[in-house]
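Since the structure comes first, as structure tokens, the remarks are kept for the end.
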Amino acid sequence: MAAALKSSHVLLPRYVETDKGYSLYFGRLHISQSTYMLCAAVVIGIGGGYGAVIFRRMIDGAGYLAFDLIGGRLLGHLGFLAVVIVPIIGGILTSAIVARFATEARGHGVPEVMEAVALRAGRLRPRVIAVKSIASAICIGFGGSCGREGPIVQIGSTIGSLLGQLGRVPAPITRSLVACGAASGISATFNAPIGGVFFASEVILGEFAPRSFAAIVIASVVSAVIGRAYFGNHPSFTAAAFYLVSPAELLFYAILGVICAFWAAAFVKVLYATEDRFEALKVPRWLRAAIGFGAVGVIGIWRPQVFGVGYQAIDQVLRSHVPPSQALLLAALKPIATSLTLGSGGSGGVFSPSLFTGAMLGDAFGRLVHLFAPTWTATGAAYGLVGMAAVFAAAAEAPITAITIVFEMSNDYLIVLPLMVATVIATILGRRLIRGTVYELKLIRRGIDWAAVRHPRLLTRRNVASIQRELPPVGNAGEPLSEIAKRISTTAEGAIPVLRNGRCVGIVPFPDFIEHLRTEPLVPIDSIARPTETLVPDDSFERAATLLADPGIAALPVADPVTGNFIGMITRRDVLEAYRSAVQL
């Protein structure tokens with residue numbers, strides 16, 4: 001096959017299996033699988049890095065257009081009313097763009113990537129790059145309360161998917177490239193290359209696969225280098241004067257983890273309850289968006305911190321510049337504003353709102369704790385930093401991602417112990433309270449059995465009837481081995497089925513047949529046959545694999561379910577081929 005490909009002049013790339021493994025052929029050019037994945041990872045890292053840079057510039061531009069030009073110069077004379085009108089304009093524009101060009105650009109972004117990885121072999125439409133960028137930039141820039149990480153994850157993942165589709169690579173490789181795109185987006189957005197790797201593995205793929213790990217790391221590193229070149233090599237947030245005063249203080253961080261789990265569960269429930277309410281409205285989508293974004297504008301009149309991503313407010317609270325009462329109020333208002341934004345048809349992520357909520361909740365809790373035990377507790381800002389990780393970990397069931405990202409965003413090693421304690425507790429409790437992650441619930445609500453999709457039993461996808469090959473040589477009961485040997489090749493596979501009146505009464509493993517043929521060639525074959533289980537065409541390969549796991553069973557006969565007559569044979573090689581096909585679906 002390799003020679004035929006090398007001699008062809010087909011310009012379309014072909015990703016095929018050769019005697020040396022999978023390879024990509026582009027005309028006469030030959031690239032190995034590992035080389036292709038590493039090169040693709042570099043390209044994806046560049047695309048994700050510059051995608052994050054451009055996307056943030058688009059948000060800044062949309063914000064200037066919304067609040068400086070429209071809200072300030074055109075509608076400034078309307079006073080507080082302008083604060084409501086501007087988000088309404090943004091909501092209507094976002095809804096119109098998404099409905100017209102790509103409906104999958106609506107909402108979080110991350111669930112759509114997870115669905116593509118699990119159900120569509122990692123295939124995402126290229127137009128999502130442009131539609132998601134424009135729609136989310138308008139949504140956030142015009143005051144929508146959502147994050148920018150979801151859009152950039154979807155944008156980066158679509159770049160990876162596009163490379164996989166252009167290279168015509170198998171589904172597992174395309175999924176790995178999609179994960180590379182997700183890692184590059186998180187890495188550049190948060191200046192967190194390690195967190196990007198864990199996000200892609202823990203949330204998008206749901207596993208730490210050695211095959212894709214190297215490529216994900218390269219994409220994340222390349223993207224981080226580009227992000228740091230434009231945004232600076234410094235932590236995103238700095239907690240004021242953090243230090244672990246006493247080991248006993250870990251008890252308070254454990255309590256914070258419990259509080260964050262309940263708060264995250266409430267956030268998720270409010271998010272989807274709000275979405276249900278808007279879906280139940282019998283009005284056009286643009287009017288739903290106007291209502292939702294208008295409500296966000298009303299909240300923003302008194303608490304403008306809920307607008308947009310909210311990183312400035314997070315930075316203020318971590319520097320101890322926000323009163324505890326206001327911090328607690330914002331911890332309640334941000335989930336509501338985010339639910340109104342996304343539930344009414346906005347386009348943005350839930351990662352940043354989770355961080356915002358955790359920061360405010362943790363800071364308010366930390367202030368109270370510090371008043372209760374000032375001599376052996378840190379400042380409230382330290383608790384705010386830990387709360388960021390705990391709320392996201394509880395909502396997304398991604399403790400490793402939460403710990404690493406917040407650690408990288410703060411660049412403070414002393415925060416690790418409290419981070420680990422609060423985050424793990426929040427994750428365990430959040431799993432019981434939410435019964436699914438904020439991303440998974442989006443897919444479950446679409447009718448997708450996420451547990452089965454995330455942990456598929458691959459061999460249940462095919463049954464034994466899918467095997468199409470010639471019947472193997474058989475032996476009839478009472479027939480001597482010497483007669484059977486005349487019509488059986490010395491390369492016979494697995495075992496010889498023994499038939500009586502058309503039904504299989506046992507099998508003879510081929511090594512046993514050869515041994516008895518040498519010593520007693522006239523013995524009837526049924527006298528040395530072994531009893532065996534029998535399959536029917538509707539049996540799955542999972543059942544076949546379970547039976548063939550017994551070293552004493554070389555092959556399994558297949559019988560007609562009505563007559564019981566022998567119609568075929570299943571070998572271990574057939575099971576391996578079925579598994580290989582299922583993995584590449």
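To be explicit about the labels: the chains of the structure tokens are called A, B, and onward in the order shown, and within each one the residues are counted from 1, while ligands get numbers from 1 in the order they are shown.
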Report as CSV: every residue of range 464-522 of chain A with an atom at most 9 Å from range 529-553 of chain A, its closest pair of atoms, and their distance in Å to one decimal, counting only C-alpha atoms, with rows sorted by chain and ascending residue number.
```
residue,atom,partner,partner_atom,distance
A:Val464,CA,A:Pro537,CA,5.1
A:Ala465,CA,A:Pro537,CA,4.4
A:Ser466,CA,A:Pro537,CA,8.1
A:Gly494,CA,A:Ile553,CA,8.9
A:Ala495,CA,A:Ile553,CA,8.7
A:Ile496,CA,A:Ala529,CA,8.9
A:Pro497,CA,A:Ala529,CA,8.4
A:Val498,CA,A:Ala529,CA,7.1
A:Cys504,CA,A:Thr534,CA,8.2
A:Val505,CA,A:Pro531,CA,6.7
A:Gly506,CA,A:Pro531,CA,4.5
A:Ile507,CA,A:Ala529,CA,5.1
A:Val508,CA,A:Ala529,CA,4.9
A:Pro509,CA,A:Ile553,CA,7.8
```
DSSP-assigned strand (DSSP E) members of range 394-528 of chain A, reported as a PDB file with C-alpha atoms, in the first residue's frame:
```
ATOM      1  CA  GLY A 475     -15.023 -31.827  10.528  1.00  0.00           C
ATOM      2  CA  ASN A 476     -18.018 -34.119  10.662  1.00  0.00           C
ATOM      3  CA  ALA A 495      -9.868 -24.286  15.691  1.00  0.00           C
ATOM      4  CA  ILE A 496     -11.828 -26.776  13.639  1.00  0.00           C
ATOM      5  CA  PRO A 497     -15.581 -26.914  14.331  1.00  0.00           C
ATOM      6  CA  VAL A 498     -17.065 -30.405  14.634  1.00  0.00           C
ATOM      7  CA  LEU A 499     -20.565 -30.772  13.177  1.00  0.00           C
ATOM      8  CA  ARG A 500     -23.298 -33.354  13.655  1.00  0.00           C
ATOM      9  CA  ARG A 503     -24.930 -28.334  14.338  1.00  0.00           C
ATOM     10  CA  CYS A 504     -21.646 -27.649  16.103  1.00  0.00           C
ATOM     11  CA  VAL A 505     -21.022 -30.144  18.890  1.00  0.00           C
ATOM     12  CA  GLY A 506     -17.519 -28.945  19.790  1.00  0.00           C
ATOM     13  CA  ILE A 507     -14.255 -27.548  18.485  1.00  0.00           C
ATOM     14  CA  VAL A 508     -10.746 -28.919  18.116  1.00  0.00           C
ATOM     15  CA  PRO A 509      -7.963 -26.334  18.554  1.00  0.00           C
TER      16      PRO A 509
END
```
- request: Just give me the gap between CA of Phe142 in chain A and CA of Gly346 in chain A in Å, one decimal is fine.
  value: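 Atom-to-atom, CA of Phe142 in chain A to CA of Gly346 in chain A, that is 10.9 Å.
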message: Would you pick out the contacts of range 102-108 of chain A at 7 Å or less, using only C-alpha atoms, so that residues sharing its chain but fewer than 6 positions from it are not included, and give the list as a VMD selection string?
response: chain A and resid 128 131 to 132 150 342 345 to 350
message: I'd like the contact shell of range 276-284 of chain A - 12 Å cut-off, only C-alpha atoms, skipping same-chain residues fewer than 4 positions apart - returned as an MDAnalysis selection string.
response: chainID A and resid 92 95:96 99 269:272 288:293 339:346 442 445
Selection above as a file: N, CA and C atoms, as a CSV table (one decimal), in the first residue's frame:
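Writing the result to part_20.csv gives the following:
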```
chain,number,residue,atom,x,y,z
A,92,ILE,N,-29.3,41.2,21.3
A,92,ILE,CA,-30.0,41.1,20.0
A,92,ILE,C,-29.0,40.7,18.9
A,95,SER,N,-27.6,37.1,19.4
A,95,SER,CA,-28.6,36.1,19.0
A,95,SER,C,-28.8,36.0,17.5
A,96,ALA,N,-28.8,37.2,16.8
A,96,ALA,CA,-29.0,37.1,15.4
A,96,ALA,C,-27.8,36.5,14.6
A,99,ALA,N,-27.9,32.6,15.4
A,99,ALA,CA,-29.0,31.9,14.7
A,99,ALA,C,-28.8,31.9,13.2
A,269,LYS,N,-27.7,25.0,39.1
A,269,LYS,CA,-29.1,24.8,39.0
A,269,LYS,C,-29.8,26.1,38.5
A,270,VAL,N,-29.4,27.3,39.0
A,270,VAL,CA,-29.9,28.5,38.5
A,270,VAL,C,-29.7,28.7,37.0
A,271,LEU,N,-28.5,28.3,36.6
A,271,LEU,CA,-28.1,28.5,35.2
A,271,LEU,C,-29.1,27.7,34.3
A,272,TYR,N,-29.4,26.5,34.6
A,272,TYR,CA,-30.2,25.7,33.7
A,272,TYR,C,-31.7,25.9,34.0
A,288,ARG,N,-36.1,37.1,23.4
A,288,ARG,CA,-35.5,36.5,24.6
A,288,ARG,C,-34.2,37.1,25.0
A,289,ALA,N,-33.3,37.3,24.0
A,289,ALA,CA,-32.0,37.9,24.3
A,289,ALA,C,-32.2,39.3,24.9
A,290,ALA,N,-33.2,40.1,24.3
A,290,ALA,CA,-33.4,41.5,24.8
A,290,ALA,C,-33.8,41.5,26.2
A,291,ILE,N,-34.7,40.5,26.6
A,291,ILE,CA,-35.2,40.4,28.0
A,291,ILE,C,-34.0,40.1,28.9
A,292,GLY,N,-33.3,39.0,28.6
A,292,GLY,CA,-32.2,38.6,29.4
A,292,GLY,C,-31.1,39.6,29.6
A,293,PHE,N,-30.6,40.1,28.5
A,293,PHE,CA,-29.6,41.1,28.6
A,293,PHE,C,-30.1,42.4,29.2
A,339,SER,N,-26.4,33.5,34.4
A,339,SER,CA,-27.6,32.7,34.0
A,339,SER,C,-28.5,33.4,33.0
A,340,LEU,N,-28.7,34.7,33.3
A,340,LEU,CA,-29.6,35.5,32.4
A,340,LEU,C,-28.9,35.7,31.0
A,341,THR,N,-27.6,35.9,31.0
A,341,THR,CA,-26.9,36.1,29.8
A,341,THR,C,-26.9,34.8,28.9
A,342,LEU,N,-26.5,33.7,29.5
A,342,LEU,CA,-26.4,32.5,28.7
A,342,LEU,C,-27.8,31.8,28.5
A,343,GLY,N,-28.6,31.9,29.5
A,343,GLY,CA,-30.0,31.3,29.3
A,343,GLY,C,-30.8,32.0,28.2
A,344,SER,N,-30.6,33.3,28.0
A,344,SER,CA,-31.4,34.0,27.0
A,344,SER,C,-30.7,33.9,25.6
A,345,GLY,N,-29.6,33.2,25.5
A,345,GLY,CA,-29.0,33.0,24.1
A,345,GLY,C,-27.7,33.6,23.9
A,346,GLY,N,-27.0,34.1,25.0
A,346,GLY,CA,-25.7,34.7,24.9
A,346,GLY,C,-24.6,33.6,24.5
A,442,LYS,N,-25.3,20.1,30.2
A,442,LYS,CA,-25.7,20.7,29.0
A,442,LYS,C,-26.0,19.6,27.9
A,445,ARG,N,-29.0,17.2,28.9
A,445,ARG,CA,-30.3,17.9,28.6
A,445,ARG,C,-30.7,17.8,27.2
```
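For Thr437 in chain A, the list of residues within 9 Å, based on only C-alpha atoms and with local chain neighbours fewer than 2 positions off taken out, reads Val268, Ala394, Ala395, Ala396, Glu397, Ala398, Gly430, Arg431, Ile434, Arg435, Tyr439, Glu440, Leu441 and Lys442 of chain A.
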Saved selection, atoms kept: N, CA and C atoms, as a PDB file, in the first residue's frame:
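Full text of selection-v3.pdb as output:
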```
ATOM      1  N   VAL A 268     -25.151  26.195  39.194  1.00  0.00           N
ATOM      2  CA  VAL A 268     -25.507  25.321  38.069  1.00  0.00           C
ATOM      3  C   VAL A 268     -27.012  25.169  37.948  1.00  0.00           C
ATOM      4  N   ALA A 394     -15.869  22.310  41.869  1.00  0.00           N
ATOM      5  CA  ALA A 394     -17.155  21.703  42.205  1.00  0.00           C
ATOM      6  C   ALA A 394     -18.095  21.712  41.013  1.00  0.00           C
ATOM      7  N   ALA A 395     -18.076  22.792  40.237  1.00  0.00           N
ATOM      8  CA  ALA A 395     -18.986  22.899  39.090  1.00  0.00           C
ATOM      9  C   ALA A 395     -18.560  22.013  37.929  1.00  0.00           C
ATOM     10  N   ALA A 396     -17.250  21.892  37.698  1.00  0.00           N
ATOM     11  CA  ALA A 396     -16.749  21.165  36.541  1.00  0.00           C
ATOM     12  C   ALA A 396     -16.178  19.798  36.874  1.00  0.00           C
ATOM     13  N   GLU A 397     -16.100  19.451  38.154  1.00  0.00           N
ATOM     14  CA  GLU A 397     -15.505  18.198  38.604  1.00  0.00           C
ATOM     15  C   GLU A 397     -14.112  18.025  37.990  1.00  0.00           C
ATOM     16  N   ALA A 398     -13.327  19.084  38.094  1.00  0.00           N
ATOM     17  CA  ALA A 398     -11.984  19.092  37.512  1.00  0.00           C
ATOM     18  C   ALA A 398     -11.003  19.650  38.531  1.00  0.00           C
ATOM     19  N   GLY A 430     -19.445  18.418  45.488  1.00  0.00           N
ATOM     20  CA  GLY A 430     -20.126  18.903  44.290  1.00  0.00           C
ATOM     21  C   GLY A 430     -20.631  17.782  43.407  1.00  0.00           C
ATOM     22  N   ARG A 431     -19.879  16.679  43.349  1.00  0.00           N
ATOM     23  CA  ARG A 431     -20.313  15.527  42.552  1.00  0.00           C
ATOM     24  C   ARG A 431     -21.640  14.978  43.075  1.00  0.00           C
ATOM     25  N   ILE A 434     -24.506  18.039  42.435  1.00  0.00           N
ATOM     26  CA  ILE A 434     -24.845  18.401  41.056  1.00  0.00           C
ATOM     27  C   ILE A 434     -25.192  17.179  40.215  1.00  0.00           C
ATOM     28  N   ARG A 435     -24.546  16.039  40.511  1.00  0.00           N
ATOM     29  CA  ARG A 435     -24.753  14.796  39.754  1.00  0.00           C
ATOM     30  C   ARG A 435     -24.455  15.006  38.271  1.00  0.00           C
ATOM     31  N   TYR A 439     -20.758  21.290  32.442  1.00  0.00           N
ATOM     32  CA  TYR A 439     -20.637  21.014  31.009  1.00  0.00           C
ATOM     33  C   TYR A 439     -21.442  19.777  30.617  1.00  0.00           C
ATOM     34  N   GLU A 440     -21.347  18.722  31.415  1.00  0.00           N
ATOM     35  CA  GLU A 440     -22.038  17.474  31.081  1.00  0.00           C
ATOM     36  C   GLU A 440     -23.553  17.654  31.100  1.00  0.00           C
ATOM     37  N   LEU A 441     -24.067  18.420  32.046  1.00  0.00           N
ATOM     38  CA  LEU A 441     -25.509  18.603  32.146  1.00  0.00           C
ATOM     39  C   LEU A 441     -26.081  19.227  30.881  1.00  0.00           C
ATOM     40  N   LYS A 442     -25.296  20.053  30.220  1.00  0.00           N
ATOM     41  CA  LYS A 442     -25.743  20.650  28.959  1.00  0.00           C
ATOM     42  C   LYS A 442     -26.008  19.563  27.927  1.00  0.00           C
TER      43      LYS A 442
END
```
What are the closest atom pairs, with distances in Å to one decimal, for each residue of range 159-216 of chain A lying within 7 Å of range 403-414 of chain A, using only C-alpha atoms, rows by chain and rising residue number, as CSV?
```
residue,atom,partner,partner_atom,distance
A:Phe190,CA,A:Met409,CA,6.7
A:Asn191,CA,A:Met409,CA,6.9
A:Ala192,CA,A:Glu408,CA,5.5
A:Ile194,CA,A:Thr404,CA,6.7
A:Gly195,CA,A:Ile405,CA,4.6
```
Export C-alpha atoms of the chosen residues as a compact mmCIF listing (two decimals), in the first residue's frame?
```txt
# COMPACT_ATOMS: atom_id res chain seq x y z
CA PHE A 190 -5.03 32.44 31.63
CA ASN A 191 -1.24 32.42 31.12
CA ALA A 192 -1.44 28.87 32.46
CA ILE A 194 0.15 23.50 32.75
CA GLY A 195 -3.49 24.22 33.50
```
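Comparing the minimum interatomic distances between Ala219 in chain A and each of A:Ala390, A:Leu124, A:Ile159, A:Leu38, counting only C-alpha atoms, we find that A:Leu38 sits nearest.
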message: Under the rule that only C-alpha atoms are counted, which of A:Gln165, A:Thr377, A:Ser136, A:Gln312 is the nearest residue to Arg56 in chain A?
response: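 Answer, going by the shortest atom-to-atom distance: A:Ser136.
Between CA of Val197 in chain A and CA of Pro399 in chain A lies a distance of 13.3 Å.
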field: Backbone-only DSSP, alpha helix (DSSP H) members of range 83-148 of chain A, as a ChimeraX atom specification
entry: /A:83-101,110-119,127-141
Output the selection as a PDB file, in the first residue's frame - C-alpha atoms for each residue.
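Listed below is the output, part.pdb:
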```pdb
ATOM      1  CA  VAL A  83     -26.738  51.102  30.853  1.00  0.00           C
ATOM      2  CA  VAL A  84     -29.751  48.885  30.107  1.00  0.00           C
ATOM      3  CA  ILE A  85     -30.054  49.641  26.399  1.00  0.00           C
ATOM      4  CA  VAL A  86     -26.426  48.816  25.570  1.00  0.00           C
ATOM      5  CA  PRO A  87     -26.607  45.181  26.789  1.00  0.00           C
ATOM      6  CA  ILE A  88     -29.946  44.764  24.996  1.00  0.00           C
ATOM      7  CA  ILE A  89     -28.306  45.784  21.715  1.00  0.00           C
ATOM      8  CA  GLY A  90     -25.498  43.329  22.352  1.00  0.00           C
ATOM      9  CA  GLY A  91     -27.921  40.516  23.151  1.00  0.00           C
ATOM     10  CA  ILE A  92     -29.956  41.054  19.996  1.00  0.00           C
ATOM     11  CA  LEU A  93     -26.828  41.180  17.814  1.00  0.00           C
ATOM     12  CA  THR A  94     -25.395  38.040  19.426  1.00  0.00           C
ATOM     13  CA  SER A  95     -28.637  36.126  19.014  1.00  0.00           C
ATOM     14  CA  ALA A  96     -28.990  37.147  15.365  1.00  0.00           C
ATOM     15  CA  ILE A  97     -25.411  36.170  14.451  1.00  0.00           C
ATOM     16  CA  VAL A  98     -25.603  32.791  16.155  1.00  0.00           C
ATOM     17  CA  ALA A  99     -29.032  31.922  14.719  1.00  0.00           C
ATOM     18  CA  ARG A 100     -28.016  32.918  11.197  1.00  0.00           C
ATOM     19  CA  PHE A 101     -24.544  31.388  10.893  1.00  0.00           C
ATOM     20  CA  VAL A 110     -16.990  23.720  25.990  1.00  0.00           C
ATOM     21  CA  PRO A 111     -19.978  21.295  25.900  1.00  0.00           C
ATOM     22  CA  GLU A 112     -20.059  21.611  22.116  1.00  0.00           C
ATOM     23  CA  VAL A 113     -16.391  20.598  21.950  1.00  0.00           C
ATOM     24  CA  MET A 114     -16.998  17.677  24.328  1.00  0.00           C
ATOM     25  CA  GLU A 115     -19.911  16.493  22.189  1.00  0.00           C
ATOM     26  CA  ALA A 116     -17.824  16.674  19.021  1.00  0.00           C
ATOM     27  CA  VAL A 117     -15.004  14.691  20.627  1.00  0.00           C
ATOM     28  CA  ALA A 118     -17.306  11.997  21.979  1.00  0.00           C
ATOM     29  CA  LEU A 119     -19.888  11.655  19.212  1.00  0.00           C
ATOM     30  CA  ARG A 127     -17.155  28.579  10.408  1.00  0.00           C
ATOM     31  CA  VAL A 128     -17.410  28.293  14.214  1.00  0.00           C
ATOM     32  CA  ILE A 129     -14.042  30.091  14.462  1.00  0.00           C
ATOM     33  CA  ALA A 130     -15.421  33.298  12.979  1.00  0.00           C
ATOM     34  CA  VAL A 131     -18.970  33.065  14.330  1.00  0.00           C
ATOM     35  CA  LYS A 132     -17.939  32.258  17.898  1.00  0.00           C
ATOM     36  CA  SER A 133     -15.313  35.012  17.905  1.00  0.00           C
ATOM     37  CA  ILE A 134     -17.670  37.716  16.701  1.00  0.00           C
ATOM     38  CA  ALA A 135     -20.712  36.620  18.702  1.00  0.00           C
ATOM     39  CA  SER A 136     -18.825  36.173  21.987  1.00  0.00           C
ATOM     40  CA  ALA A 137     -16.864  39.408  21.574  1.00  0.00           C
ATOM     41  CA  ILE A 138     -20.122  41.321  21.106  1.00  0.00           C
ATOM     42  CA  CYS A 139     -21.781  39.466  23.984  1.00  0.00           C
ATOM     43  CA  ILE A 140     -18.963  40.172  26.449  1.00  0.00           C
ATOM     44  CA  GLY A 141     -18.082  43.629  25.136  1.00  0.00           C
TER      45      GLY A 141
END
```
Residues near Gln316 in chain A, cut-off 12 Å, only C-alpha atoms, skip fewer than 4 positions along chain, as a PDB file with C-alpha atoms, in the first residue's frame:
```pdb
ATOM      1  CA  PHE A 237      -3.936  37.790  40.017  1.00  0.00           C
ATOM      2  CA  THR A 238      -2.023  38.515  43.209  1.00  0.00           C
ATOM      3  CA  ALA A 239      -3.464  37.771  46.630  1.00  0.00           C
ATOM      4  CA  ALA A 240      -2.426  40.355  49.166  1.00  0.00           C
ATOM      5  CA  GLN A 305     -18.876  44.561  38.286  1.00  0.00           C
ATOM      6  CA  GLY A 310     -15.061  40.521  35.731  1.00  0.00           C
ATOM      7  CA  TYR A 311     -11.296  40.177  36.116  1.00  0.00           C
ATOM      8  CA  GLN A 312     -10.883  43.736  37.388  1.00  0.00           C
ATOM      9  CA  SER A 320      -8.530  43.552  49.797  1.00  0.00           C
ATOM     10  CA  HIS A 321     -10.192  46.569  48.203  1.00  0.00           C
ATOM     11  CA  VAL A 322     -13.792  45.282  48.333  1.00  0.00           C
ATOM     12  CA  PRO A 323     -15.917  45.408  51.508  1.00  0.00           C
ATOM     13  CA  PRO A 324     -17.062  41.945  52.635  1.00  0.00           C
ATOM     14  CA  GLN A 326     -20.282  43.871  48.744  1.00  0.00           C
ATOM     15  CA  ALA A 327     -18.198  40.787  47.991  1.00  0.00           C
ATOM     16  CA  PHE A 356     -15.444  35.502  40.023  1.00  0.00           C
ATOM     17  CA  ALA A 359     -13.189  34.949  44.694  1.00  0.00           C
ATOM     18  CA  MET A 360     -16.029  37.006  46.166  1.00  0.00           C
ATOM     19  CA  ASP A 363     -13.010  36.752  50.422  1.00  0.00           C
ATOM     20  CA  ALA A 381      -7.839  37.708  49.965  1.00  0.00           C
ATOM     21  CA  GLY A 384     -10.696  34.437  47.841  1.00  0.00           C
ATOM     22  CA  LEU A 385      -7.923  32.880  45.785  1.00  0.00           C
TER      23      LEU A 385
END
```
